[in-house]
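*Asks:* Contents of data.cif (mmCIF, C-alpha atoms):
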```cif
data_work
#
loop_
_atom_site.label_atom_id
_atom_site.label_comp_id
_atom_site.auth_asym_id
_atom_site.auth_seq_id
_atom_site.Cartn_x
_atom_site.Cartn_y
_atom_site.Cartn_z
CA MET A 1 -101.84 -113.45 119.33
CA LYS A 2 -100.00 -112.13 122.37
CA ARG A 3 -102.82 -110.76 124.50
CA SER A 4 -106.24 -109.22 124.30
CA ASN A 5 -108.47 -106.88 126.25
CA PRO A 6 -112.14 -107.27 125.35
CA SER A 7 -114.36 -104.86 127.26
CA THR A 8 -117.59 -106.79 127.67
CA SER A 9 -121.09 -105.51 128.26
CA GLN A 10 -123.31 -106.13 131.25
CA GLU A 11 -126.05 -107.26 128.85
CA ALA A 12 -124.29 -110.56 128.27
CA SER A 13 -124.54 -113.34 130.81
CA THR A 14 -121.13 -113.80 132.37
CA SER A 15 -120.93 -117.54 131.75
CA GLY A 16 -122.27 -117.16 128.21
CA ALA A 17 -119.72 -114.45 127.45
CA LYS A 18 -116.89 -116.58 128.81
CA ARG A 19 -117.87 -119.63 126.75
CA PHE A 20 -118.28 -117.62 123.55
CA LEU A 21 -115.04 -115.70 123.98
CA VAL A 22 -112.82 -118.63 124.89
CA LYS A 23 -114.19 -120.83 122.09
CA SER A 24 -113.43 -118.04 119.62
CA TYR A 25 -109.71 -118.64 120.17
CA PRO A 26 -107.87 -121.56 118.53
CA PRO A 27 -107.62 -124.47 121.01
CA SER A 28 -103.85 -124.01 121.31
CA LEU A 29 -104.30 -120.44 122.59
CA ARG A 30 -107.29 -120.80 124.91
CA THR A 31 -105.20 -121.31 128.04
CA THR A 32 -102.03 -119.45 127.03
CA THR A 33 -103.07 -116.07 125.62
CA PRO A 34 -103.39 -113.44 128.38
CA ILE A 35 -106.95 -112.09 128.32
CA THR A 36 -108.18 -109.13 130.34
CA LEU A 37 -111.94 -108.71 130.74
CA VAL A 38 -113.64 -105.56 132.01
CA VAL A 39 -117.25 -105.81 133.15
CA GLY A 40 -119.65 -103.89 135.36
CA ALA A 41 -119.05 -104.28 139.10
CA PRO A 42 -122.14 -106.51 139.72
CA ASP A 43 -120.87 -109.11 137.21
CA VAL A 44 -117.30 -109.43 138.44
CA SER A 45 -117.80 -112.12 141.07
CA ASP A 46 -119.69 -114.54 138.81
CA LEU A 47 -117.30 -114.03 135.90
CA ARG A 48 -114.27 -114.65 138.06
CA LYS A 49 -115.79 -117.89 139.32
CA SER A 50 -116.61 -119.03 135.78
CA THR A 51 -113.04 -118.38 134.59
CA LEU A 52 -111.18 -120.17 137.40
CA GLN A 53 -110.20 -122.94 134.99
CA TYR A 54 -108.48 -120.34 132.79
CA PRO A 55 -105.51 -118.89 134.70
CA ASN A 56 -104.71 -116.70 131.70
CA VAL A 57 -107.98 -114.73 132.13
CA THR A 58 -108.03 -111.66 134.39
CA VAL A 59 -111.30 -109.92 135.29
CA HIS A 60 -111.48 -106.25 136.27
CA SER A 61 -114.41 -104.20 137.54
CA ALA A 62 -115.83 -101.02 136.03
CA SER A 63 -117.36 -98.76 138.67
CA LEU A 64 -121.10 -98.04 138.44
CA PRO A 65 -121.70 -95.31 141.02
CA ILE A 66 -125.24 -94.38 139.94
CA PRO A 67 -128.20 -96.81 140.16
CA PHE A 68 -129.39 -98.47 136.93
CA GLY A 69 -126.11 -97.79 135.17
CA THR A 70 -124.38 -100.48 133.09
CA HIS A 71 -120.97 -101.15 131.63
CA HIS A 72 -122.27 -101.03 128.08
CA SER A 73 -119.05 -100.40 126.10
CA LYS A 74 -118.05 -103.02 123.56
CA LEU A 75 -114.35 -102.46 122.95
CA SER A 76 -111.59 -104.95 122.15
CA ILE A 77 -107.86 -104.27 121.98
CA LEU A 78 -105.68 -107.05 120.60
CA GLU A 79 -101.89 -107.24 120.54
CA SER A 80 -100.34 -109.49 117.92
CA ASP A 81 -96.85 -110.97 117.64
CA ASP A 82 -95.97 -108.81 114.63
CA GLY A 83 -96.09 -105.59 116.67
CA PHE A 84 -99.51 -104.41 115.54
CA ILE A 85 -102.26 -103.28 117.91
CA HIS A 86 -105.82 -103.88 116.74
CA VAL A 87 -108.76 -101.86 118.07
CA ILE A 88 -112.35 -102.98 117.52
CA VAL A 89 -115.37 -100.95 118.56
CA SER A 90 -118.58 -102.90 118.10
CA THR A 91 -122.24 -103.07 119.03
CA ALA A 92 -122.28 -106.82 119.75
CA ASN A 93 -122.09 -108.45 123.17
CA LEU A 94 -119.88 -111.49 123.65
CA ILE A 95 -122.68 -114.02 123.14
CA SER A 96 -123.31 -116.16 120.08
CA ASP A 97 -126.87 -114.89 119.54
CA ASP A 98 -125.58 -111.37 118.96
CA TRP A 99 -123.11 -112.50 116.30
CA GLU A 100 -125.27 -115.06 114.50
CA PHE A 101 -128.75 -113.53 114.27
CA LYS A 102 -128.63 -109.76 114.79
CA THR A 103 -127.64 -106.78 112.68
CA GLN A 104 -124.45 -105.41 114.25
CA GLN A 105 -121.68 -102.99 113.36
CA PHE A 106 -117.95 -103.33 113.78
CA TYR A 107 -115.25 -100.69 113.45
CA TYR A 108 -111.60 -101.67 113.07
CA ALA A 109 -108.42 -99.61 113.40
CA MET A 110 -104.79 -100.71 113.49
CA GLY A 111 -101.59 -99.17 114.80
CA MET A 112 -97.93 -100.19 114.88
CA ARG A 113 -95.80 -100.24 118.03
CA ARG A 114 -92.76 -97.95 117.69
CA GLU A 115 -89.64 -97.44 119.78
CA GLU A 116 -88.90 -93.97 118.40
CA GLU A 117 -90.92 -90.88 119.29
CA PHE A 118 -93.87 -89.89 117.10
CA GLU A 119 -96.73 -87.43 117.16
CA ARG A 120 -99.88 -88.84 118.69
CA SER A 121 -103.09 -88.75 116.66
CA PRO A 122 -106.38 -87.47 118.14
CA PHE A 123 -107.71 -91.05 117.91
CA GLN A 124 -104.81 -92.28 120.04
CA GLU A 125 -105.32 -89.48 122.56
CA ASP A 126 -109.04 -90.36 122.72
CA LEU A 127 -108.30 -94.01 123.44
CA ILE A 128 -105.75 -93.18 126.15
CA GLU A 129 -108.20 -90.78 127.76
CA TYR A 130 -111.01 -93.33 127.74
CA LEU A 131 -108.83 -96.07 129.27
CA SER A 132 -107.72 -93.60 131.96
CA TYR A 133 -111.23 -93.58 133.42
CA TYR A 134 -110.75 -97.26 134.37
CA SER A 135 -107.82 -96.27 136.64
CA ASN A 136 -104.94 -98.57 137.55
CA PRO A 137 -106.09 -102.03 136.34
CA LEU A 138 -105.63 -100.99 132.70
CA SER A 139 -102.38 -99.05 133.12
CA THR A 140 -100.50 -101.70 131.14
CA TRP A 141 -102.84 -101.22 128.19
CA LYS A 142 -102.56 -97.44 128.42
CA THR A 143 -98.77 -97.76 128.24
CA LEU A 144 -99.11 -100.05 125.24
CA ILE A 145 -101.39 -97.61 123.39
CA LYS A 146 -99.02 -94.71 124.14
CA SER A 147 -96.24 -96.51 122.24
CA THR A 148 -98.44 -97.34 119.25
CA ASP A 149 -98.57 -95.21 116.11
CA PHE A 150 -102.18 -94.57 115.03
CA SER A 151 -101.26 -91.63 112.79
CA THR A 152 -103.24 -92.99 109.84
CA VAL A 153 -106.50 -93.10 111.84
CA THR A 154 -108.51 -89.88 111.41
CA ASP A 155 -111.68 -90.94 113.23
CA ARG A 156 -112.60 -89.86 116.76
CA LEU A 157 -113.87 -91.75 119.79
CA ILE A 158 -117.06 -90.58 121.49
CA PHE A 159 -117.55 -92.00 124.97
CA SER A 160 -119.44 -91.73 128.24
CA THR A 161 -118.35 -92.59 131.76
CA PRO A 162 -120.69 -92.64 134.78
CA GLY A 163 -120.89 -89.97 137.42
CA TYR A 164 -122.08 -86.48 138.28
CA HIS A 165 -119.62 -84.43 136.23
CA THR A 166 -119.29 -80.76 137.21
CA ASP A 167 -115.82 -79.75 136.00
CA PRO A 168 -116.46 -77.88 132.70
CA LYS A 169 -113.40 -79.55 131.18
CA HIS A 170 -114.84 -82.99 131.93
CA VAL A 171 -118.38 -82.09 130.94
CA SER A 172 -117.30 -81.11 127.42
CA ARG A 173 -115.36 -84.36 127.03
CA LEU A 174 -118.11 -86.85 127.85
CA GLY A 175 -121.50 -87.93 126.54
CA HIS A 176 -123.46 -85.78 124.12
CA PRO A 177 -121.42 -82.63 124.98
CA ARG A 178 -118.31 -84.49 123.79
CA LEU A 179 -120.01 -85.29 120.50
CA SER A 180 -120.92 -81.61 120.15
CA THR A 181 -117.36 -80.51 120.90
CA ILE A 182 -115.76 -82.82 118.34
CA LEU A 183 -118.40 -82.11 115.67
CA SER A 184 -117.68 -78.41 116.16
CA GLN A 185 -114.00 -79.10 115.52
CA LYS A 186 -114.72 -81.19 112.44
CA PHE A 187 -117.43 -78.90 111.09
CA PRO A 188 -116.81 -75.33 112.32
CA PHE A 189 -119.46 -72.66 111.90
CA ASP A 190 -119.78 -71.48 108.30
CA SER A 191 -121.40 -68.05 108.09
CA GLU A 192 -121.70 -68.32 104.31
CA TYR A 193 -123.57 -71.63 104.30
CA GLU A 194 -127.12 -71.24 102.99
CA HIS A 195 -129.78 -73.52 104.46
CA THR A 196 -131.73 -74.34 101.30
CA ASP A 197 -133.39 -77.32 102.94
CA ARG A 198 -133.97 -78.61 106.45
CA CYS A 199 -131.16 -80.94 107.51
CA THR A 200 -132.13 -84.34 108.89
CA PHE A 201 -130.74 -86.37 111.77
CA ILE A 202 -131.44 -90.09 112.06
CA ALA A 203 -131.02 -91.96 115.34
CA GLN A 204 -131.15 -95.75 115.12
CA CYS A 205 -130.89 -97.79 118.30
CA SER A 206 -131.89 -101.04 120.00
CA SER A 207 -133.27 -99.58 123.22
CA ILE A 208 -134.98 -96.36 124.27
CA GLY A 209 -134.92 -94.71 127.66
CA SER A 210 -137.31 -92.31 129.34
CA LEU A 211 -136.86 -89.10 127.36
CA GLY A 212 -139.44 -86.85 129.01
CA SER A 213 -143.04 -85.85 128.46
CA ALA A 214 -142.17 -83.51 125.56
CA PRO A 215 -139.48 -83.51 122.86
CA SER A 216 -138.28 -80.09 123.99
CA SER A 217 -137.06 -81.33 127.38
CA TRP A 218 -134.12 -83.54 126.28
CA PHE A 219 -134.66 -85.08 122.83
CA ARG A 220 -134.51 -81.74 121.00
CA GLY A 221 -133.62 -79.48 123.91
CA GLN A 222 -130.28 -81.15 124.65
CA PHE A 223 -129.49 -84.08 122.39
CA LEU A 224 -130.42 -82.52 119.04
CA LYS A 225 -128.54 -79.34 119.96
CA SER A 226 -125.41 -81.44 120.48
CA LEU A 227 -125.92 -83.15 117.12
CA GLU A 228 -126.22 -79.76 115.42
CA ALA A 229 -123.07 -78.58 117.26
CA ALA A 230 -121.62 -75.41 115.68
CA ASN A 231 -124.16 -75.35 112.86
CA PRO A 232 -127.66 -75.02 114.34
CA ALA A 233 -130.54 -74.89 111.92
CA PRO A 234 -132.29 -71.53 111.47
CA LYS A 235 -135.58 -71.09 113.33
CA ASN A 236 -137.55 -70.95 110.08
CA LYS A 237 -136.04 -74.27 108.96
CA PRO A 238 -135.64 -76.38 112.12
CA ALA A 239 -133.80 -79.66 111.77
CA LYS A 240 -135.80 -82.83 111.34
CA MET A 241 -135.00 -85.78 113.57
CA TYR A 242 -136.25 -89.34 113.19
CA LEU A 243 -135.79 -92.53 115.17
CA VAL A 244 -135.38 -95.92 113.49
CA PHE A 245 -136.66 -98.62 115.82
CA PRO A 246 -138.36 -101.93 114.92
CA CYS A 247 -142.11 -101.95 115.10
CA VAL A 248 -144.06 -105.03 116.18
CA GLU A 249 -144.34 -106.30 112.60
CA ASP A 250 -140.59 -105.90 112.04
CA VAL A 251 -139.85 -108.20 114.98
CA ARG A 252 -142.71 -110.60 114.27
CA ASN A 253 -141.41 -111.20 110.74
CA SER A 254 -137.71 -111.30 111.65
CA CYS A 255 -135.61 -114.44 111.25
CA GLN A 256 -136.01 -115.16 114.98
CA GLY A 257 -139.60 -114.02 115.29
CA TYR A 258 -140.55 -112.53 118.62
CA ALA A 259 -137.48 -114.09 120.24
CA GLY A 260 -135.40 -111.50 118.43
CA GLY A 261 -137.29 -108.81 120.32
CA GLY A 262 -135.37 -109.62 123.47
CA SER A 263 -132.49 -107.61 122.00
CA VAL A 264 -134.56 -104.44 121.58
CA PRO A 265 -135.73 -103.85 125.17
CA TYR A 266 -138.25 -101.01 125.21
CA ARG A 267 -141.14 -100.96 127.63
CA ASN A 268 -144.71 -100.02 126.84
CA SER A 269 -144.94 -98.42 130.28
CA VAL A 270 -142.22 -95.99 129.18
CA HIS A 271 -143.66 -95.45 125.70
CA ASP A 272 -147.03 -94.46 127.16
CA ARG A 273 -145.30 -91.55 128.91
CA GLN A 274 -143.69 -90.27 125.70
CA LYS A 275 -146.21 -90.92 122.95
CA TRP A 276 -144.89 -87.87 121.09
CA LEU A 277 -141.98 -90.11 120.09
CA GLN A 278 -144.28 -92.18 117.88
CA ASP A 279 -144.55 -89.22 115.49
CA VAL A 280 -140.85 -89.48 114.55
CA MET A 281 -140.45 -93.27 114.59
CA CYS A 282 -139.52 -95.21 111.46
CA LYS A 283 -139.52 -98.93 110.64
CA TRP A 284 -136.36 -101.03 110.54
CA ARG A 285 -135.53 -101.41 106.85
CA SER A 286 -132.19 -102.66 105.56
CA ASN A 287 -133.04 -104.07 102.15
CA THR A 288 -129.90 -102.60 100.59
CA LYS A 289 -127.73 -104.70 102.91
CA ARG A 290 -130.21 -107.58 103.03
CA ARG A 291 -130.54 -107.25 106.82
CA THR A 292 -134.21 -106.34 107.19
CA LYS A 293 -135.00 -109.76 108.68
CA ALA A 294 -132.17 -109.52 111.23
CA VAL A 295 -133.27 -107.50 114.26
CA PRO A 296 -130.94 -104.51 114.72
CA HIS A 297 -128.75 -104.46 117.80
CA CYS A 298 -126.55 -101.75 116.24
CA LYS A 299 -126.76 -98.10 117.21
CA THR A 300 -126.16 -95.49 114.52
CA TYR A 301 -126.52 -91.72 114.34
CA VAL A 302 -126.27 -89.90 111.00
CA LYS A 303 -126.64 -86.34 109.76
CA TYR A 304 -128.07 -85.81 106.28
CA ASP A 305 -127.86 -82.49 104.48
CA GLN A 306 -129.70 -82.25 101.17
CA LYS A 307 -130.10 -86.05 101.42
CA ILE A 308 -126.33 -86.59 101.57
CA PRO A 309 -124.81 -88.11 104.73
CA GLN A 310 -122.34 -85.75 106.42
CA TRP A 311 -121.12 -87.93 109.28
CA GLN A 312 -121.83 -91.27 110.91
CA LEU A 313 -121.51 -92.35 114.52
CA LEU A 314 -121.24 -96.08 115.31
CA THR A 315 -121.68 -96.57 119.04
CA SER A 316 -122.82 -98.69 121.95
CA ALA A 317 -124.99 -95.79 123.15
CA ASN A 318 -128.74 -96.19 122.80
CA LEU A 319 -131.14 -93.26 122.83
CA SER A 320 -131.24 -92.55 126.55
CA LYS A 321 -130.15 -90.04 129.14
CA ALA A 322 -128.33 -92.85 130.94
CA ALA A 323 -126.08 -93.36 127.91
CA TRP A 324 -125.62 -89.80 126.65
CA GLY A 325 -126.02 -87.83 129.87
CA GLU A 326 -128.39 -85.12 131.00
CA MET A 327 -127.40 -81.55 131.79
CA SER A 328 -129.02 -79.93 134.82
CA PHE A 329 -128.30 -77.35 137.49
CA SER A 330 -127.36 -78.70 140.89
CA LYS A 331 -128.72 -76.39 143.58
CA LYS A 332 -126.72 -78.27 146.19
CA LYS A 333 -123.43 -77.73 144.37
CA ASN A 334 -124.51 -74.44 142.74
CA VAL A 335 -123.11 -75.59 139.41
CA ASP A 336 -124.19 -77.13 136.10
CA GLN A 337 -123.65 -80.86 136.01
CA LEU A 338 -123.76 -83.70 133.50
CA MET A 339 -125.22 -86.88 134.96
CA ILE A 340 -124.27 -90.10 133.13
CA ARG A 341 -125.19 -93.57 134.39
CA SER A 342 -123.39 -95.90 131.97
CA TRP A 343 -120.13 -96.60 130.20
CA GLU A 344 -120.38 -96.20 126.41
CA ILE A 345 -118.00 -95.88 123.47
CA GLY A 346 -118.40 -95.21 119.77
CA VAL A 347 -116.57 -93.91 116.70
CA LEU A 348 -117.33 -90.75 114.73
CA ILE A 349 -116.55 -91.12 111.03
CA THR A 350 -116.50 -88.07 108.77
CA ASP A 351 -114.97 -89.57 105.62
CA PRO A 352 -117.92 -90.25 103.25
CA ALA A 353 -115.95 -92.96 101.45
CA ARG A 354 -116.04 -95.09 104.60
CA PHE A 355 -119.63 -94.61 105.69
CA ASN A 356 -121.40 -97.92 106.26
CA ILE A 357 -124.95 -97.00 107.24
CA PRO A 358 -126.98 -100.10 108.17
CA PHE A 359 -130.49 -98.79 107.43
CA ASP A 360 -132.15 -97.70 104.19
CA TYR A 361 -132.63 -94.02 103.47
CA PRO A 362 -135.10 -92.38 103.03
CA CYS A 363 -136.57 -94.02 106.11
CA VAL A 364 -140.05 -95.55 106.21
CA PRO A 365 -142.30 -93.86 108.81
CA TYR A 366 -144.58 -95.91 111.05
CA SER A 367 -148.10 -96.31 109.68
CA PRO A 368 -151.06 -95.17 111.84
CA THR A 369 -151.46 -98.78 113.04
CA ASP A 370 -147.80 -99.45 113.83
CA ARG A 371 -146.40 -99.48 117.35
CA PRO A 372 -142.83 -100.01 118.53
CA PHE A 373 -142.06 -103.51 119.75
CA THR A 374 -142.19 -103.53 123.54
CA THR A 375 -141.05 -106.38 125.75
CA ASP A 376 -143.57 -105.89 128.57
CA GLN A 377 -146.64 -106.26 126.36
CA LYS A 378 -148.34 -109.35 124.94
CA HIS A 379 -148.07 -109.93 121.20
CA GLU A 380 -150.61 -112.61 120.34
CA GLN A 381 -150.49 -112.70 116.54
CA PRO A 382 -148.18 -115.66 115.74
CA ASP A 383 -144.75 -114.76 114.43
CA ILE A 384 -142.93 -116.26 111.46
CA LEU A 385 -142.14 -119.33 113.59
CA GLY A 386 -145.68 -119.72 114.90
CA CYS A 387 -144.87 -118.37 118.37
CA VAL A 388 -146.48 -115.62 120.44
CA TRP A 389 -144.92 -113.22 122.95
CA ASN A 390 -146.23 -113.51 126.47
CA PRO A 391 -143.93 -111.72 128.97
#
```
Rewrite the structure of this file - the entire thing - as structure tokens.

*Replies:*
Amino acid sequence: MKRSNPSTSQEASTSGAKRFLVKSYPPSLRTTTPITLVVGAPDVSDLRKSTLQYPNVTVHSASLPIPFGTHHSKLSILESDDGFIHVIVSTANLISDDWEFKTQQFYYAMGMRREEEFERSPFQEDLIEYLSYYSNPLSTWKTLIKSTDFSTVTDRLIFSTPGYHTDPKHVSRLGHPRLSTILSQKFPFDSEYEHTDRCTFIAQCSSIGSLGSAPSSWFRGQFLKSLEAANPAPKNKPAKMYLVFPCVEDVRNSCQGYAGGGSVPYRNSVHDRQKWLQDVMCKWRSNTKRRTKAVPHCKTYVKYDQKIPQWQLLTSANLSKAAWGEMSFSKKKNVDQLMIRSWEIGVLITDPARFNIPFDYPCVPYSPTDRPFTTDQKHEQPDILGCVWNP
């Protein structure tokens, strides 16, 4: 191992992330391998203090210009002695609990450094573009990626960066508009396609933001339209969209009991303002992969057409405006703008042979007595370990 660049999430405690990361290296490499860490601006000071004993560790800050934003991307780039560059996009934070007890997803791609010129792949261009938003501190890594051949990688990176984006070129390259743009390239409009059945979109996440008082405002009005991209459903057969999120019983009976619920932060105070969401919510079921008892920290978005998956998105982005962005008209600037609070990154896979969908399909809808697990509400029925939840 020559050097590595794990992009950590603000969810992880800085000291916990440092301990977990450093101990993951062989003892002989813990103080010699150059490691670059990128975290949200509020975490930089503490992480730098906790890594003083490791002179090989460099900590950089990711700007968070809008309140309540986070550096939520989980990206690692590793350079090995044999000339290969390894890229990992995951849903796990750099803490042991995420790797030992939760359901997570990991995507891996590899490229080879080359001296001669070669044609860049879209994946490579995506990665260079994403790293460019971090500005100068990651210039060395951008140069490294530019000289690496990723021609065998056909997948695309979908990412968000924080800010009020008004340039149409930038708007279409970030957040849910970026997903729409790339889906339109991968699946252009087909005038001869016959909609014999309503297509279905499944969103599965570990946290839910404030989506509005009605599904038409953002959930279907913006986000679903981006998922449909160039192939919107006809008005007489509107697309179905469901949300997989653990209900109280799912968490209560998980391998960690209620303690596992700390990784699916959703507030009852928010849910009460969007009770329409309950009508499309489904239980966490992963019997096929034997992960039903492991609380999901993964985030997956899938399109099904005639019950067959068409594409899969593995990402750090939960179901929220903060992660995906919200389009609005700025009267002050007299222009449409995309407001994104957080850093996110994911991978769009369109090759059915490589789909790895973590939940069971068809999904299991909530029963009339089910409610989503919420962290700000008491749960007094003892869990599998005999504990209760009292926030």

*Asks:* Could you list the residues chosen by the PyMOL selection byres ((chain A and resi 391) around 8) in this structure as a list in words?

*Replies:* Thr375, Asp376, Gln377, Lys378, Trp389 and Asn390 of chain A

*Asks:* Report as a Markdown table the residues of stretch 3-80 of chain A within 9 Å of stretch 135-158 of chain A, each with its shortest atom pair and distance in Å (one decimal), using all atoms listed in the file, ordered by chain and increasing residue number.

*Replies:*
```
| residue | atom | partner | partner_atom | distance |
| --- | --- | --- | --- | --- |
| A:Asn5 | CA | A:Trp141 | CA | 8.2 |
| A:Thr36 | CA | A:Leu138 | CA | 8.9 |
| A:His60 | CA | A:Pro137 | CA | 6.8 |
| A:Ser61 | CA | A:Pro137 | CA | 8.7 |
| A:Ile77 | CA | A:Trp141 | CA | 8.5 |
```

*Asks:* Enter the distance from atom CA of A:Val44 to atom CA of A:Pro65, in Å, rounded to one decimal.

*Replies:* 15.0 Å

*Asks:* Near A:Arg30, counting all atoms listed in the file, which residues have an atom at most 10 Å away, once you skip same-chain residues fewer than 6 positions from it, shown as a list in words?

*Replies:*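 Here the qualifying residues turn out to be Leu21, Val22, Lys23, Ser24, Tyr54, Asn56 and Val57 of chain A.
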
*Asks:* Take the residues from that selection and write them out as a PDB file, in the coordinates of the input, keeping C-alpha atoms.

*Replies:*
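Final output, saved to part33.pdb:
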```pdb
ATOM      1  CA  LEU A  21    -115.040-115.700 123.980  1.00  0.00           C
ATOM      2  CA  VAL A  22    -112.820-118.630 124.890  1.00  0.00           C
ATOM      3  CA  LYS A  23    -114.190-120.830 122.090  1.00  0.00           C
ATOM      4  CA  SER A  24    -113.430-118.040 119.620  1.00  0.00           C
ATOM      5  CA  TYR A  54    -108.480-120.340 132.790  1.00  0.00           C
ATOM      6  CA  ASN A  56    -104.710-116.700 131.700  1.00  0.00           C
ATOM      7  CA  VAL A  57    -107.980-114.730 132.130  1.00  0.00           C
TER       8      VAL A  57
END
```

*Asks:* In Å, rounded to a single decimal, give me how far atom CA of A:Ala92 is from atom CA of A:Phe20.

*Replies:* 12.1 Å

*Asks:* Name the residues within 10 Å of (-136.4, -83.3, 106.1), counting all atoms listed in the file in the file's coordinates, and put them as a ChimeraX atom specification.

*Replies:* /A:197-201,237-242,304-307,362

*Asks:* Can I get the selection written as a tab-separated table (two decimals), in the coordinates of the input, with C-alpha atoms?

*Replies:*
```
chain	number	residue	atom	x	y	z
A	197	ASP	CA	-133.39	-77.32	102.94
A	198	ARG	CA	-133.97	-78.61	106.45
A	199	CYS	CA	-131.16	-80.94	107.51
A	200	THR	CA	-132.13	-84.34	108.89
A	201	PHE	CA	-130.74	-86.37	111.77
A	237	LYS	CA	-136.04	-74.27	108.96
A	238	PRO	CA	-135.64	-76.38	112.12
A	239	ALA	CA	-133.80	-79.66	111.77
A	240	LYS	CA	-135.80	-82.83	111.34
A	241	MET	CA	-135.00	-85.78	113.57
A	242	TYR	CA	-136.25	-89.34	113.19
A	304	TYR	CA	-128.07	-85.81	106.28
A	305	ASP	CA	-127.86	-82.49	104.48
A	306	GLN	CA	-129.70	-82.25	101.17
A	307	LYS	CA	-130.10	-86.05	101.42
A	362	PRO	CA	-135.10	-92.38	103.03
```

*Asks:* Counting only C-alpha atoms, what is within 12 Å of A:Lys289, bar same-chain residues fewer than 4 positions away, as a list in words?

*Replies:* Thr103, Gln104, Arg285, Lys293, Ala294, Asn356, Ile357, Pro358, Phe359, Asp360 and Tyr361 of chain A

*Asks:* Store the residues picked out above in a file with C-alpha atoms, as a PDB file, keeping the file's coordinate frame.

*Replies:*
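Result file follows (result_34.pdb):
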```
ATOM      1  CA  THR A 103    -127.640-106.780 112.680  1.00  0.00           C
ATOM      2  CA  GLN A 104    -124.450-105.410 114.250  1.00  0.00           C
ATOM      3  CA  ARG A 285    -135.530-101.410 106.850  1.00  0.00           C
ATOM      4  CA  LYS A 293    -135.000-109.760 108.680  1.00  0.00           C
ATOM      5  CA  ALA A 294    -132.170-109.520 111.230  1.00  0.00           C
ATOM      6  CA  ASN A 356    -121.400 -97.920 106.260  1.00  0.00           C
ATOM      7  CA  ILE A 357    -124.950 -97.000 107.240  1.00  0.00           C
ATOM      8  CA  PRO A 358    -126.980-100.100 108.170  1.00  0.00           C
ATOM      9  CA  PHE A 359    -130.490 -98.790 107.430  1.00  0.00           C
ATOM     10  CA  ASP A 360    -132.150 -97.700 104.190  1.00  0.00           C
ATOM     11  CA  TYR A 361    -132.630 -94.020 103.470  1.00  0.00           C
TER      12      TYR A 361
END
```

*Asks:* Kindly give the distance, in Å, that separates atom CA of A:Thr161 and atom CA of A:Gly175, rounded to a single decimal.

*Replies:*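 Atom-to-atom, atom CA of A:Thr161 and atom CA of A:Gly175 are spaced 7.7 Å apart.
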
*Asks:* Using all atoms listed in the file, determine which residues lie at most 9 Å from A:Cys205, disregarding the query and same-chain residues fewer than 2 positions distant; provide the list as a list in words.

*Replies:*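 Using all atoms listed in the file, the neighbours found are Ala203, Ser207, Ile208, Leu243, Val244, Phe245, Val264, Pro296, His297, Cys298, Lys299, Thr300, Tyr301, Ser316, Ala317, Asn318 and Leu319 of chain A.
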
*Asks:* With the PyMOL selection byres ((chain A and resi 170) around 12) as the selection, what would be picked from this file? Answer as a PDB file with C-alpha atoms, in the frame of the given file, please.

*Replies:*
```pdb
ATOM      1  CA  GLU A 129    -108.200 -90.780 127.760  1.00  0.00           C
ATOM      2  CA  TYR A 130    -111.010 -93.330 127.740  1.00  0.00           C
ATOM      3  CA  TYR A 133    -111.230 -93.580 133.420  1.00  0.00           C
ATOM      4  CA  PHE A 159    -117.550 -92.000 124.970  1.00  0.00           C
ATOM      5  CA  SER A 160    -119.440 -91.730 128.240  1.00  0.00           C
ATOM      6  CA  THR A 161    -118.350 -92.590 131.760  1.00  0.00           C
ATOM      7  CA  PRO A 162    -120.690 -92.640 134.780  1.00  0.00           C
ATOM      8  CA  GLY A 163    -120.890 -89.970 137.420  1.00  0.00           C
ATOM      9  CA  TYR A 164    -122.080 -86.480 138.280  1.00  0.00           C
ATOM     10  CA  HIS A 165    -119.620 -84.430 136.230  1.00  0.00           C
ATOM     11  CA  THR A 166    -119.290 -80.760 137.210  1.00  0.00           C
ATOM     12  CA  ASP A 167    -115.820 -79.750 136.000  1.00  0.00           C
ATOM     13  CA  PRO A 168    -116.460 -77.880 132.700  1.00  0.00           C
ATOM     14  CA  LYS A 169    -113.400 -79.550 131.180  1.00  0.00           C
ATOM     15  CA  VAL A 171    -118.380 -82.090 130.940  1.00  0.00           C
ATOM     16  CA  SER A 172    -117.300 -81.110 127.420  1.00  0.00           C
ATOM     17  CA  ARG A 173    -115.360 -84.360 127.030  1.00  0.00           C
ATOM     18  CA  LEU A 174    -118.110 -86.850 127.850  1.00  0.00           C
ATOM     19  CA  GLY A 175    -121.500 -87.930 126.540  1.00  0.00           C
ATOM     20  CA  HIS A 176    -123.460 -85.780 124.120  1.00  0.00           C
ATOM     21  CA  PRO A 177    -121.420 -82.630 124.980  1.00  0.00           C
ATOM     22  CA  ARG A 178    -118.310 -84.490 123.790  1.00  0.00           C
ATOM     23  CA  THR A 181    -117.360 -80.510 120.900  1.00  0.00           C
ATOM     24  CA  ASP A 336    -124.190 -77.130 136.100  1.00  0.00           C
ATOM     25  CA  GLN A 337    -123.650 -80.860 136.010  1.00  0.00           C
ATOM     26  CA  LEU A 338    -123.760 -83.700 133.500  1.00  0.00           C
ATOM     27  CA  MET A 339    -125.220 -86.880 134.960  1.00  0.00           C
ATOM     28  CA  ILE A 340    -124.270 -90.100 133.130  1.00  0.00           C
TER      29      ILE A 340
END
```

*Asks:* Please list as a list in words every residue within 7 Å of A:Phe373, counting all atoms listed in the file and excluding residues in the same chain fewer than 6 positions away.

*Replies:*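 Near A:Phe373, the qualifying residues are Pro246, Cys247 and Val248 of chain A.
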
*Asks:* Which is closest to A:Asp46 among A:Leu78, A:Ala17, A:Leu29, A:Ile384, if we use all atoms listed in the file?

*Replies:*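 The closest residue to A:Asp46 is A:Ala17.
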